[in-house]
$ cat upload.pdb   # PDB, C-alpha atoms (C1' of nucleotides)
ATOM      1  CA  MET A  18     113.180  91.201 112.025
ATOM      2  CA  GLN A  19     115.049  92.586 115.053
ATOM      3  CA  ASP A  20     113.515  94.320 118.041
ATOM      4  CA  ASP A  21     115.129  97.559 116.958
ATOM      5  CA  ASP A  22     113.494  97.348 113.543
ATOM      6  CA  ILE A  23     110.124  96.589 115.029
ATOM      7  CA  ALA A  24     110.510  99.418 117.514
ATOM      8  CA  ASN A  25     111.447 101.808 114.720
ATOM      9  CA  ILE A  26     108.417 100.886 112.698
ATOM     10  CA  MET A  27     106.144 101.119 115.709
ATOM     11  CA  ARG A  28     107.490 104.552 116.472
ATOM     12  CA  ALA A  29     106.843 105.611 112.882
ATOM     13  CA  LEU A  30     103.271 104.385 113.278
ATOM     14  CA  GLY A  31     103.009 106.045 116.667
ATOM     15  CA  HIS A  32     101.702 109.391 115.487
ATOM     16  CA  PRO A  33      98.141 110.184 114.417
ATOM     17  CA  VAL A  34      99.274 112.418 111.571
ATOM     18  CA  ARG A  35     101.368 109.655 110.090
ATOM     19  CA  LEU A  36      98.486 107.234 110.316
ATOM     20  CA  ASN A  37      96.403 109.811 108.474
ATOM     21  CA  ILE A  38      99.024 110.176 105.797
ATOM     22  CA  LEU A  39      99.123 106.434 105.269
ATOM     23  CA  ARG A  40      95.362 106.253 105.046
ATOM     24  CA  PHE A  41      95.285 109.139 102.626
ATOM     25  CA  LEU A  42      97.848 107.470 100.403
ATOM     26  CA  ALA A  43      95.868 104.273 100.545
ATOM     27  CA  SER A  44      92.695 106.071  99.530
ATOM     28  CA  GLN A  45      94.389 107.804  96.610
ATOM     29  CA  GLN A  46      96.328 104.845  95.393
ATOM     30  CA  GLN A  47      95.669 105.104  91.671
ATOM     31  CA  ARG A  48      95.975 108.867  91.285
ATOM     32  CA  GLU A  49      98.894 111.163  91.351
ATOM     33  CA  CYS A  50      99.638 111.632  94.998
ATOM     34  CA  CYS A  51     102.271 114.140  95.909
ATOM     35  CA  CYS A  52     103.304 116.016  99.010
ATOM     36  CA  GLY A  53     101.007 118.894  98.171
ATOM     37  CA  ASP A  54      97.978 116.632  98.015
ATOM     38  CA  VAL A  55      98.779 115.238 101.416
ATOM     39  CA  THR A  56      99.367 118.698 102.808
ATOM     40  CA  GLU A  57      95.980 119.865 101.559
ATOM     41  CA  SER A  58      94.318 117.098 103.484
ATOM     42  CA  LEU A  59      95.898 118.145 106.777
ATOM     43  CA  PRO A  60      95.962 121.280 108.916
ATOM     44  CA  LEU A  61      99.736 121.416 108.867
ATOM     45  CA  ALA A  62     102.465 123.297 107.056
ATOM     46  CA  GLN A  63     104.053 121.759 103.993
ATOM     47  CA  SER A  64     107.414 121.391 105.696
ATOM     48  CA  THR A  65     105.847 119.540 108.582
ATOM     49  CA  VAL A  66     104.105 117.120 106.278
ATOM     50  CA  SER A  67     107.327 116.610 104.397
ATOM     51  CA  GLN A  68     109.028 115.690 107.653
ATOM     52  CA  HIS A  69     106.388 113.133 108.529
ATOM     53  CA  ILE A  70     106.715 111.705 105.043
ATOM     54  CA  LYS A  71     110.431 111.356 105.635
ATOM     55  CA  VAL A  72     109.811 109.386 108.803
ATOM     56  CA  LEU A  73     107.559 107.030 106.897
ATOM     57  CA  LEU A  74     110.145 106.760 104.139
ATOM     58  CA  ASP A  75     112.935 105.970 106.593
ATOM     59  CA  ALA A  76     110.803 103.318 108.220
ATOM     60  CA  GLY A  77     110.285 101.812 104.788
ATOM     61  CA  LEU A  78     106.529 102.193 104.923
ATOM     62  CA  ILE A  79     106.228 104.231 101.734
ATOM     63  CA  GLU A  80     108.316 104.866  98.634
ATOM     64  CA  ARG A  81     109.037 107.913  96.563
ATOM     65  CA  LYS A  82     108.935 108.216  92.789
ATOM     66  CA  PRO A  83     110.137 111.468  91.233
ATOM     67  CA  HIS A  84     107.672 112.581  88.599
ATOM     68  CA  GLY A  85     108.465 115.826  86.902
ATOM     69  CA  THR A  86     108.668 118.548  89.471
ATOM     70  CA  ARG A  87     106.637 116.482  91.899
ATOM     71  CA  ASN A  88     107.239 113.392  93.915
ATOM     72  CA  ARG A  89     104.707 110.665  93.851
ATOM     73  CA  TYR A  90     104.337 108.633  97.013
ATOM     74  CA  MET A  91     102.913 105.224  97.468
ATOM     75  CA  ILE A  92     102.516 102.657 100.168
ATOM     76  CA  ARG A  93     104.958  99.766 100.197
ATOM     77  CA  HIS A  94     102.638  96.836 100.423
ATOM     78  CA  ASP A  95     105.511  94.391 100.467
ATOM     79  CA  ARG A  96     106.786  95.956 103.654
ATOM     80  CA  LEU A  97     103.362  96.071 105.201
ATOM     81  CA  ALA A  98     103.159  92.349 104.703
ATOM     82  CA  GLU A  99     106.480  91.858 106.473
ATOM     83  CA  ILE A 100     105.381  94.110 109.281
ATOM     84  CA  GLY A 101     102.110  92.292 109.678
ATOM     85  CA  THR A 102     103.978  89.034 109.966
ATOM     86  CA  ALA A 103     106.465  90.434 112.451
ATOM     87  CA  PHE A 104     103.747  91.992 114.561
ATOM     88  CA  GLY A 105     101.735  88.816 114.536
ATOM     89  CA  GLY A 106     104.828  86.970 115.664
ATOM     90  CA  LEU A 107     105.351  89.457 118.449
ATOM     91  CA  LEU A 108     101.806  89.068 119.752
ATOM     92  CA  THR A 109     101.971  85.324 119.465
ATOM     93  CA  GLY A 110     105.185  85.318 121.411
ATOM     94  CA  LEU A 111     103.603  87.372 124.144
ATOM     95  CA  ASN A 112     100.607  85.091 124.301
ATOM     96  CA  PHE A 113     102.314  81.810 124.030
ATOM     97  CA  GLN A 114     103.769  81.472 127.486
ATOM     98  CA  ALA A 115     100.674  80.377 129.359
ATOM     99  CA  PRO A 116     100.058  76.820 128.189
ATOM    100  CA  HIS A 117      97.714  75.820 130.971
ATOM    101  CA  LYS A 118      96.146  79.122 131.787
ATOM    102  CA  GLU A 119      94.366  80.849 128.940
ATOM    103  CA  ALA A 120      92.860  84.297 128.643
ATOM    104  CA  GLU A 121      89.276  83.606 129.538
ATOM    105  CA  PRO A 122      86.699  84.423 126.868
ATOM    106  CA  ALA A 123      83.887  86.526 128.295
TER     107      ALA A 123
ATOM    108  CA  MET B  28      89.612 102.092 118.436
ATOM    109  CA  GLN B  29      90.602 105.650 117.571
ATOM    110  CA  ASP B  30      93.727 106.712 115.745
ATOM    111  CA  ASP B  31      94.960 108.357 118.906
ATOM    112  CA  ASP B  32      94.643 105.112 120.836
ATOM    113  CA  ILE B  33      96.415 103.151 118.150
ATOM    114  CA  ALA B  34      99.136 105.765 117.963
ATOM    115  CA  ASN B  35      99.561 105.642 121.735
ATOM    116  CA  ILE B  36      99.900 101.911 121.738
ATOM    117  CA  MET B  37     102.312 101.963 118.834
ATOM    118  CA  ARG B  38     104.412 104.522 120.634
ATOM    119  CA  ALA B  39     104.424 102.367 123.735
ATOM    120  CA  LEU B  40     105.632  99.466 121.616
ATOM    121  CA  GLY B  41     108.130 101.708 119.880
ATOM    122  CA  HIS B  42     111.017 101.153 122.254
ATOM    123  CA  PRO B  43     113.257  98.077 122.424
ATOM    124  CA  VAL B  44     113.387  98.134 126.211
ATOM    125  CA  ARG B  45     109.611  98.010 126.460
ATOM    126  CA  LEU B  46     109.477  95.126 124.025
ATOM    127  CA  ASN B  47     111.996  93.371 126.251
ATOM    128  CA  ILE B  48     109.916  94.024 129.332
ATOM    129  CA  LEU B  49     106.848  92.575 127.657
ATOM    130  CA  ARG B  50     108.757  89.497 126.574
ATOM    131  CA  PHE B  51     110.168  89.067 130.043
ATOM    132  CA  LEU B  52     106.737  89.282 131.592
ATOM    133  CA  ALA B  53     105.447  86.786 129.069
ATOM    134  CA  SER B  54     108.221  84.363 129.945
ATOM    135  CA  GLN B  55     107.652  84.707 133.703
ATOM    136  CA  GLN B  56     103.901  84.615 133.671
ATOM    137  CA  GLN B  57     103.359  81.993 136.285
ATOM    138  CA  ARG B  58     105.876  83.281 138.827
ATOM    139  CA  GLU B  59     105.963  86.324 140.971
ATOM    140  CA  CYS B  60     107.100  89.059 138.663
ATOM    141  CA  CYS B  61     107.784  92.413 140.179
ATOM    142  CA  CYS B  62     109.653  95.537 139.166
ATOM    143  CA  GLY B  63     112.847  94.268 140.736
ATOM    144  CA  ASP B  64     112.806  91.118 138.642
ATOM    145  CA  VAL B  65     112.428  93.127 135.492
ATOM    146  CA  THR B  66     115.181  95.491 136.553
ATOM    147  CA  GLU B  67     117.552  92.597 137.135
ATOM    148  CA  SER B  68     117.020  91.437 133.587
ATOM    149  CA  LEU B  69     118.011  94.793 132.123
ATOM    150  CA  PRO B  70     121.071  97.066 132.270
ATOM    151  CA  LEU B  71     119.004  99.984 133.536
ATOM    152  CA  ALA B  72     118.297 101.744 136.798
ATOM    153  CA  GLN B  73     115.228 100.757 138.787
ATOM    154  CA  SER B  74     113.582 104.114 138.261
ATOM    155  CA  THR B  75     114.052 103.909 134.515
ATOM    156  CA  VAL B  76     112.445 100.489 134.413
ATOM    157  CA  SER B  77     109.620 101.780 136.572
ATOM    158  CA  GLN B  78     109.008 104.537 134.065
ATOM    159  CA  HIS B  79     108.915 102.159 131.145
ATOM    160  CA  ILE B  80     106.485 100.032 133.108
ATOM    161  CA  LYS B  81     104.331 103.091 133.605
ATOM    162  CA  VAL B  82     104.219 103.685 129.865
ATOM    163  CA  LEU B  83     103.094 100.112 129.319
ATOM    164  CA  LEU B  84     100.518 100.503 132.087
ATOM    165  CA  ASP B  85      99.146 103.718 130.596
ATOM    166  CA  ALA B  86      98.874 102.091 127.202
ATOM    167  CA  GLY B  87      96.909  99.294 128.843
ATOM    168  CA  LEU B  88      99.367  96.619 127.814
ATOM    169  CA  ILE B  89     100.027  95.342 131.320
ATOM    170  CA  GLU B  90      98.314  95.459 134.680
ATOM    171  CA  ARG B  91      99.522  95.907 138.224
ATOM    172  CA  LYS B  92      98.565  93.895 141.275
ATOM    173  CA  PRO B  93      99.855  95.039 144.660
ATOM    174  CA  HIS B  94     101.234  92.078 146.565
ATOM    175  CA  GLY B  95     102.686  92.850 149.935
ATOM    176  CA  THR B  96     105.440  95.370 149.542
ATOM    177  CA  ARG B  97     105.810  94.444 145.901
ATOM    178  CA  ASN B  98     103.801  94.960 142.791
ATOM    179  CA  ARG B  99     103.164  92.050 140.543
ATOM    180  CA  TYR B 100     102.879  92.808 136.848
ATOM    181  CA  MET B 101     101.257  90.805 134.133
ATOM    182  CA  ILE B 102     100.437  91.113 130.485
ATOM    183  CA  ARG B 103      96.874  91.993 129.595
ATOM    184  CA  HIS B 104      96.071  89.329 127.068
ATOM    185  CA  ASP B 105      92.608  90.724 126.525
ATOM    186  CA  ARG B 106      94.109  93.968 125.353
ATOM    187  CA  LEU B 107      96.659  92.229 123.180
ATOM    188  CA  ALA B 108      93.804  90.590 121.358
ATOM    189  CA  GLU B 109      92.109  93.934 120.821
ATOM    190  CA  ILE B 110      95.335  95.434 119.593
ATOM    191  CA  GLY B 111      95.901  92.584 117.207
ATOM    192  CA  THR B 112      92.458  93.135 115.783
ATOM    193  CA  ALA B 113      92.939  96.888 115.517
ATOM    194  CA  PHE B 114      96.302  96.500 113.870
ATOM    195  CA  GLY B 115      94.948  93.965 111.456
ATOM    196  CA  GLY B 116      92.178  96.397 110.648
ATOM    197  CA  LEU B 117      94.694  99.136 110.068
ATOM    198  CA  LEU B 118      96.710  97.041 107.638
ATOM    199  CA  THR B 119      93.577  95.910 105.859
ATOM    200  CA  GLY B 120      92.489  99.507 105.593
ATOM    201  CA  LEU B 121      95.783 100.275 103.914
ATOM    202  CA  ASN B 122      94.847  97.704 101.278
ATOM    203  CA  PHE B 123      96.891  94.939 102.658
ATOM    204  CA  GLN B 124      95.287  91.569 102.078
ATOM    205  CA  ALA B 125      96.756  89.398 104.765
ATOM    206  CA  PRO B 126      97.947  86.051 103.422
ATOM    207  CA  HIS B 127      98.771  84.941 106.953
ATOM    208  CA  LYS B 128      96.553  84.325 109.903
ATOM    209  CA  GLU B 129      96.189  86.686 112.783
ATOM    210  CA  ALA B 130      97.654  86.011 116.196
ATOM    211  CA  GLU B 131      94.794  85.610 118.619
ATOM    212  CA  PRO B 132      94.491  83.787 121.889
ATOM    213  CA  ALA B 133      92.188  80.917 120.961
TER     214      ALA B 133
ATOM    215  C1'  DC C  12     117.058 132.686  80.060
ATOM    216  C1'  DA C  13     113.537 134.104  83.321
ATOM    217  C1'  DT C  14     109.641 132.571  85.842
ATOM    218  C1'  DG C  15     106.722 129.607  88.322
ATOM    219  C1'  DT C  16     105.974 125.218  90.767
ATOM    220  C1'  DT C  17     107.032 121.661  93.946
ATOM    221  C1'  DC C  18     109.051 120.067  97.930
ATOM    222  C1'  DA C  19     113.196 118.631 100.634
ATOM    223  C1'  DT C  20     115.985 120.730 103.902
ATOM    224  C1'  DC C  21     117.766 124.144 107.087
ATOM    225  C1'  DG C  22     117.493 126.773 111.164
ATOM    226  C1'  DC C  23     114.871 127.701 115.397
ATOM    227  C1'  DA C  24     111.638 127.229 119.406
ATOM    228  C1'  DT C  25     109.109 124.190 122.189
ATOM    229  C1'  DT C  26     107.803 119.952 123.986
ATOM    230  C1'  DT C  27     108.477 115.251 124.979
ATOM    231  C1'  DC C  28     111.525 111.228 125.866
ATOM    232  C1'  DA C  29     115.070 108.536 128.204
ATOM    233  C1'  DC C  30     118.094 108.115 131.526
ATOM    234  C1'  DC C  31     120.116 108.968 136.010
ATOM    235  C1'  DT C  32     120.326 109.855 141.399
ATOM    236  C1'  DA C  33     117.796 110.936 145.402
ATOM    237  C1'  DT C  34     113.696 110.884 147.927
ATOM    238  C1'  DT C  35     109.266 109.439 149.566
ATOM    239  C1'  DA C  36     105.208 106.287 150.318
ATOM    240  C1'  DA C  37     103.733 101.928 151.547
ATOM    241  C1'  DT C  38     104.403  97.735 153.642
ATOM    242  C1'  DT C  39     106.500  93.999 156.425
ATOM    243  C1'  DC C  40     108.711  92.426 160.426
ATOM    244  C1'  DG C  41     111.721  92.396 164.752
TER     245       DG C  41
ATOM    246  C1'  DC D   2     107.906 101.774 167.234
ATOM    247  C1'  DG D   3     112.070 101.465 164.374
ATOM    248  C1'  DA D   4     114.519  99.176 160.558
ATOM    249  C1'  DA D   5     114.350  97.158 156.149
ATOM    250  C1'  DT D   6     112.439  96.406 151.598
ATOM    251  C1'  DT D   7     110.149  97.628 147.354
ATOM    252  C1'  DA D   8     108.965 100.667 143.975
ATOM    253  C1'  DA D   9     106.822 104.992 142.546
ATOM    254  C1'  DT D  10     107.884 109.752 142.036
ATOM    255  C1'  DA D  11     110.540 114.141 141.979
ATOM    256  C1'  DG D  12     114.111 116.646 139.820
ATOM    257  C1'  DG D  13     117.818 117.319 136.508
ATOM    258  C1'  DT D  14     120.168 116.685 132.004
ATOM    259  C1'  DG D  15     120.865 115.753 127.338
ATOM    260  C1'  DA D  16     118.806 114.005 123.135
ATOM    261  C1'  DA D  17     115.027 113.517 120.032
ATOM    262  C1'  DA D  18     110.556 114.760 118.223
ATOM    263  C1'  DT D  19     107.278 118.162 116.538
ATOM    264  C1'  DG D  20     105.973 122.208 114.757
ATOM    265  C1'  DC D  21     106.874 126.519 111.927
ATOM    266  C1'  DG D  22     108.779 129.932 108.248
ATOM    267  C1'  DA D  23     112.495 130.595 104.985
ATOM    268  C1'  DT D  24     115.681 128.958 101.575
ATOM    269  C1'  DG D  25     117.259 126.519  97.643
ATOM    270  C1'  DA D  26     117.465 122.612  94.337
ATOM    271  C1'  DA D  27     115.224 120.505  90.459
ATOM    272  C1'  DC D  28     112.259 120.760  86.884
ATOM    273  C1'  DA D  29     108.887 122.596  83.422
ATOM    274  C1'  DT D  30     107.591 126.143  80.333
ATOM    275  C1'  DG D  31     106.996 130.745  78.095
TER     276       DG D  31
END

$ encode --input "upload.pdb" --output "structure tokens"
Amino acid sequence: MQDDDIANIMRALGHPVRLNILRFLASQQQRECCCGDVTESLPLAQSTVSQHIKVLLDAGLIERKPHGTRNRYMIRHDRLAEIGTAFGGLLTGLNFQAPHKEAEPA
Amino acid sequence: MQDDDIANIMRALGHPVRLNILRFLASQQQRECCCGDVTESLPLAQSTVSQHIKVLLDAGLIERKPHGTRNRYMIRHDRLAEIGTAFGGLLTGLNFQAPHKEAEPA
DNA sequence: CATGTTCATCGCATTTCACCTATTAATTCG
DNA sequence: CGAATTAATAGGTGAAATGCGATGAACATG
């Protein structure tokens, strides 16, 4: 995964509302979960929520499934796994460069 | 760690240039590493780099140590560990069962 | 077909971000 | 002290993000 991809994903995660949306989706996994449900759980207008959902979609963090007149949203666990790996790699890379001097444990 | 903190950190990590700066600092850990060094490694003006550094400082990802007329910068490994834990917690909360191990400094 | 529901998208206003040049503060040194 | 060095900050500009209300497409149903 490229720096640009990681940066994009981090930016998508860099907003409290979007974190809330993800958590909400996670908590409602097995039910119908459409834009309206998410909107109800937040003090924001429907259009605003829809925008945030789009950001998460574009970052590949969630997926959309049309379902009648509604859209059902769900977390993309496959992508989360990738992201976890990439992020772990990033942190490891940032930690790795001090072979003789280690971060001292308290 | 609160959602706002996580979001702040994610936003700080959500820019390729800042990822580059972190990597550069990681690779130069044992040497003097001041703003000028970072600037030389990037196609950006000194003031722009200084601003990015400020974002990383505010997010607690790096620290500053005045050193003569220069400022020496270094990665805050303690914070990276915290962030790794928080991020892991976030992913777990989203129902992601990590099949890989987390990046932590020993 | 007409009506109601859902929600993405389109303006629009405001704020924040990213970049620059120029300046200023702090420090070293002749 | 004056000159040089380093880097933070001030100020300006254009782009992007964030929020809203309004509109319209897609679908279900009477």

$ interface_residues --input "upload.pdb" --of "chain C" --to "chain A" --cutoff "10 Å" --atoms "all atoms listed in the file" --output "list in words"
DT16, DT17, DC18, DA19 and DT20 of chain C

$ write_last_selection --input "upload.pdb" --atoms "C-alpha atoms (C1' of nucleotides)" --output "PDB file, in the frame of the given file"
ATOM      1  C1'  DT C  16     105.974 125.218  90.767  1.00  0.00           C
ATOM      2  C1'  DT C  17     107.032 121.661  93.946  1.00  0.00           C
ATOM      3  C1'  DC C  18     109.051 120.067  97.930  1.00  0.00           C
ATOM      4  C1'  DA C  19     113.196 118.631 100.634  1.00  0.00           C
ATOM      5  C1'  DT C  20     115.985 120.730 103.902  1.00  0.00           C
TER       6       DT C  20
END

$ residues_around --input "upload.pdb" --residues "region 9-26 of chain D" --least-positions-apart "4" --cutoff "8 Å" --atoms "all atoms listed in the file" --output "list of chain:residue names"
A:Ala62, A:Thr65, B:Ser77, C:DC21, C:DT26, C:DT27, C:DC28, C:DT34, C:DT35

$ resolve_selection --input "upload.pdb" --expression "the PyMOL selection byres ((chain A) within 8 of (chain B))" --output "PyMOL selection string"
chain A and resi 20-21+23-28+30-33+36+39-40+43-44+94+97-98+101-102+105-106+108-115+119-120

$ atom_distance --input "upload.pdb" --atom1 "CA of Asp85 (chain B)" --atom2 "CA of Ala113 (chain B)"
17.7 Å

$ residues_around --input "upload.pdb" --residues "His94 (chain B)" --least-positions-apart "3" --cutoff "12 Å" --atoms "all atoms listed in the file" --output "list in words"
Glu59, Cys60, Cys61, Cys62, Arg91, Arg97, Asn98, Arg99 and Tyr100 of chain B; DA37, DT38 and DT39 of chain C; DT7 and DA8 of chain D

$ write_last_selection --input "upload.pdb" --atoms "C-alpha atoms (C1' of nucleotides)" --output "mmCIF file, in the coordinates of the input"
data_model
loop_
_atom_site.group_PDB
_atom_site.id
_atom_site.type_symbol
_atom_site.label_atom_id
_atom_site.label_comp_id
_atom_site.auth_asym_id
_atom_site.auth_seq_id
_atom_site.Cartn_x
_atom_site.Cartn_y
_atom_site.Cartn_z
ATOM 1 C CA GLU B 59 105.963 86.324 140.971
ATOM 2 C CA CYS B 60 107.100 89.059 138.663
ATOM 3 C CA CYS B 61 107.784 92.413 140.179
ATOM 4 C CA CYS B 62 109.653 95.537 139.166
ATOM 5 C CA ARG B 91 99.522 95.907 138.224
ATOM 6 C CA ARG B 97 105.810 94.444 145.901
ATOM 7 C CA ASN B 98 103.801 94.960 142.791
ATOM 8 C CA ARG B 99 103.164 92.050 140.543
ATOM 9 C CA TYR B 100 102.879 92.808 136.848
ATOM 10 C "C1'" DA C 37 103.733 101.928 151.547
ATOM 11 C "C1'" DT C 38 104.403 97.735 153.642
ATOM 12 C "C1'" DT C 39 106.500 93.999 156.425
ATOM 13 C "C1'" DT D 7 110.149 97.628 147.354
ATOM 14 C "C1'" DA D 8 108.965 100.667 143.975
#

$ calpha_fit_rmsd --input "upload.pdb" --fixed "chain B" --moving "chain A"
6.1 Å

$ atom_distance --input "upload.pdb" --atom1 "CA of Glu109 (chain B)" --atom2 "CA of Glu99 (chain A)"
20.4 Å

$ resolve_selection --input "upload.pdb" --expression "the PyMOL selection byres ((chain C and resi 13) around 12)" --output "PDB file with C-alpha atoms (C1' of nucleotides), in the frame of the given file"
ATOM      1  C1'  DC C  12     117.058 132.686  80.060  1.00  0.00           C
ATOM      2  C1'  DT C  14     109.641 132.571  85.842  1.00  0.00           C
ATOM      3  C1'  DG C  15     106.722 129.607  88.322  1.00  0.00           C
TER       4       DG C  15
ATOM      5  C1'  DT D  30     107.591 126.143  80.333  1.00  0.00           C
ATOM      6  C1'  DG D  31     106.996 130.745  78.095  1.00  0.00           C
TER       7       DG D  31
END

$ atom_distance --input "upload.pdb" --atom1 "CA of Leu61 (chain A)" --atom2 "C1' of DA29 (chain C)"
27.8 Å

$ axis_aligned_box --input "upload.pdb" --around "region 39-43 of chain A" --padding-each-side "6 Å" --output "lines of an AutoDock Vina configuration file"
center_x = 97.2
center_y = 106.7
center_z = 102.8
size_x = 15.8
size_y = 16.9
size_z = 16.9

$ closest_residue --input "upload.pdb" --among "B:Ile48, B:Val76, B:Leu88, B:Met101" --to "chain D" --atoms "all atoms listed in the file"
B:Val76

$ closest_residue --input "upload.pdb" --among "A:Arg48, A:Pro60, A:Glu80, A:Leu74" --to "chain D" --atoms "all atoms listed in the file"
A:Pro60

$ decode --input "upload.pdb" --residues "region 12-36 of chain C" --atoms "C-alpha atoms (C1' of nucleotides)" --output "PDB file, in the first residue's frame"
ATOM      1  C1'  DC C  12     -50.574   6.552 -12.536  1.00  0.00           C
ATOM      2  C1'  DA C  13     -50.110   9.200  -8.316  1.00  0.00           C
ATOM      3  C1'  DT C  14     -48.055   9.236  -3.881  1.00  0.00           C
ATOM      4  C1'  DG C  15     -44.802   8.435  -0.382  1.00  0.00           C
ATOM      5  C1'  DT C  16     -40.133   7.021   1.030  1.00  0.00           C
ATOM      6  C1'  DT C  17     -35.250   7.016   0.873  1.00  0.00           C
ATOM      7  C1'  DC C  18     -31.085   9.096  -0.032  1.00  0.00           C
ATOM      8  C1'  DA C  19     -27.484  10.760  -3.322  1.00  0.00           C
ATOM      9  C1'  DT C  20     -26.338  15.002  -5.207  1.00  0.00           C
ATOM     10  C1'  DC C  21     -26.391  19.908  -6.155  1.00  0.00           C
ATOM     11  C1'  DG C  22     -25.665  24.540  -4.881  1.00  0.00           C
ATOM     12  C1'  DC C  23     -24.036  27.698  -1.271  1.00  0.00           C
ATOM     13  C1'  DA C  24     -21.648  29.630   2.890  1.00  0.00           C
ATOM     14  C1'  DT C  25     -18.069  29.061   6.091  1.00  0.00           C
ATOM     15  C1'  DT C  26     -14.041  27.194   7.873  1.00  0.00           C
ATOM     16  C1'  DT C  27      -9.838  24.793   7.542  1.00  0.00           C
ATOM     17  C1'  DC C  28      -5.757  23.205   4.881  1.00  0.00           C
ATOM     18  C1'  DA C  29      -1.596  23.641   2.093  1.00  0.00           C
ATOM     19  C1'  DC C  30       1.466  26.237   0.030  1.00  0.00           C
ATOM     20  C1'  DC C  31       4.179  30.348  -0.783  1.00  0.00           C
ATOM     21  C1'  DT C  32       7.128  34.799   0.388  1.00  0.00           C
ATOM     22  C1'  DA C  33       8.511  37.915   3.846  1.00  0.00           C
ATOM     23  C1'  DT C  34       9.453  38.933   8.457  1.00  0.00           C
ATOM     24  C1'  DT C  35      10.763  38.311  13.180  1.00  0.00           C
ATOM     25  C1'  DA C  36      12.800  35.959  17.338  1.00  0.00           C
TER      26       DA C  36
END
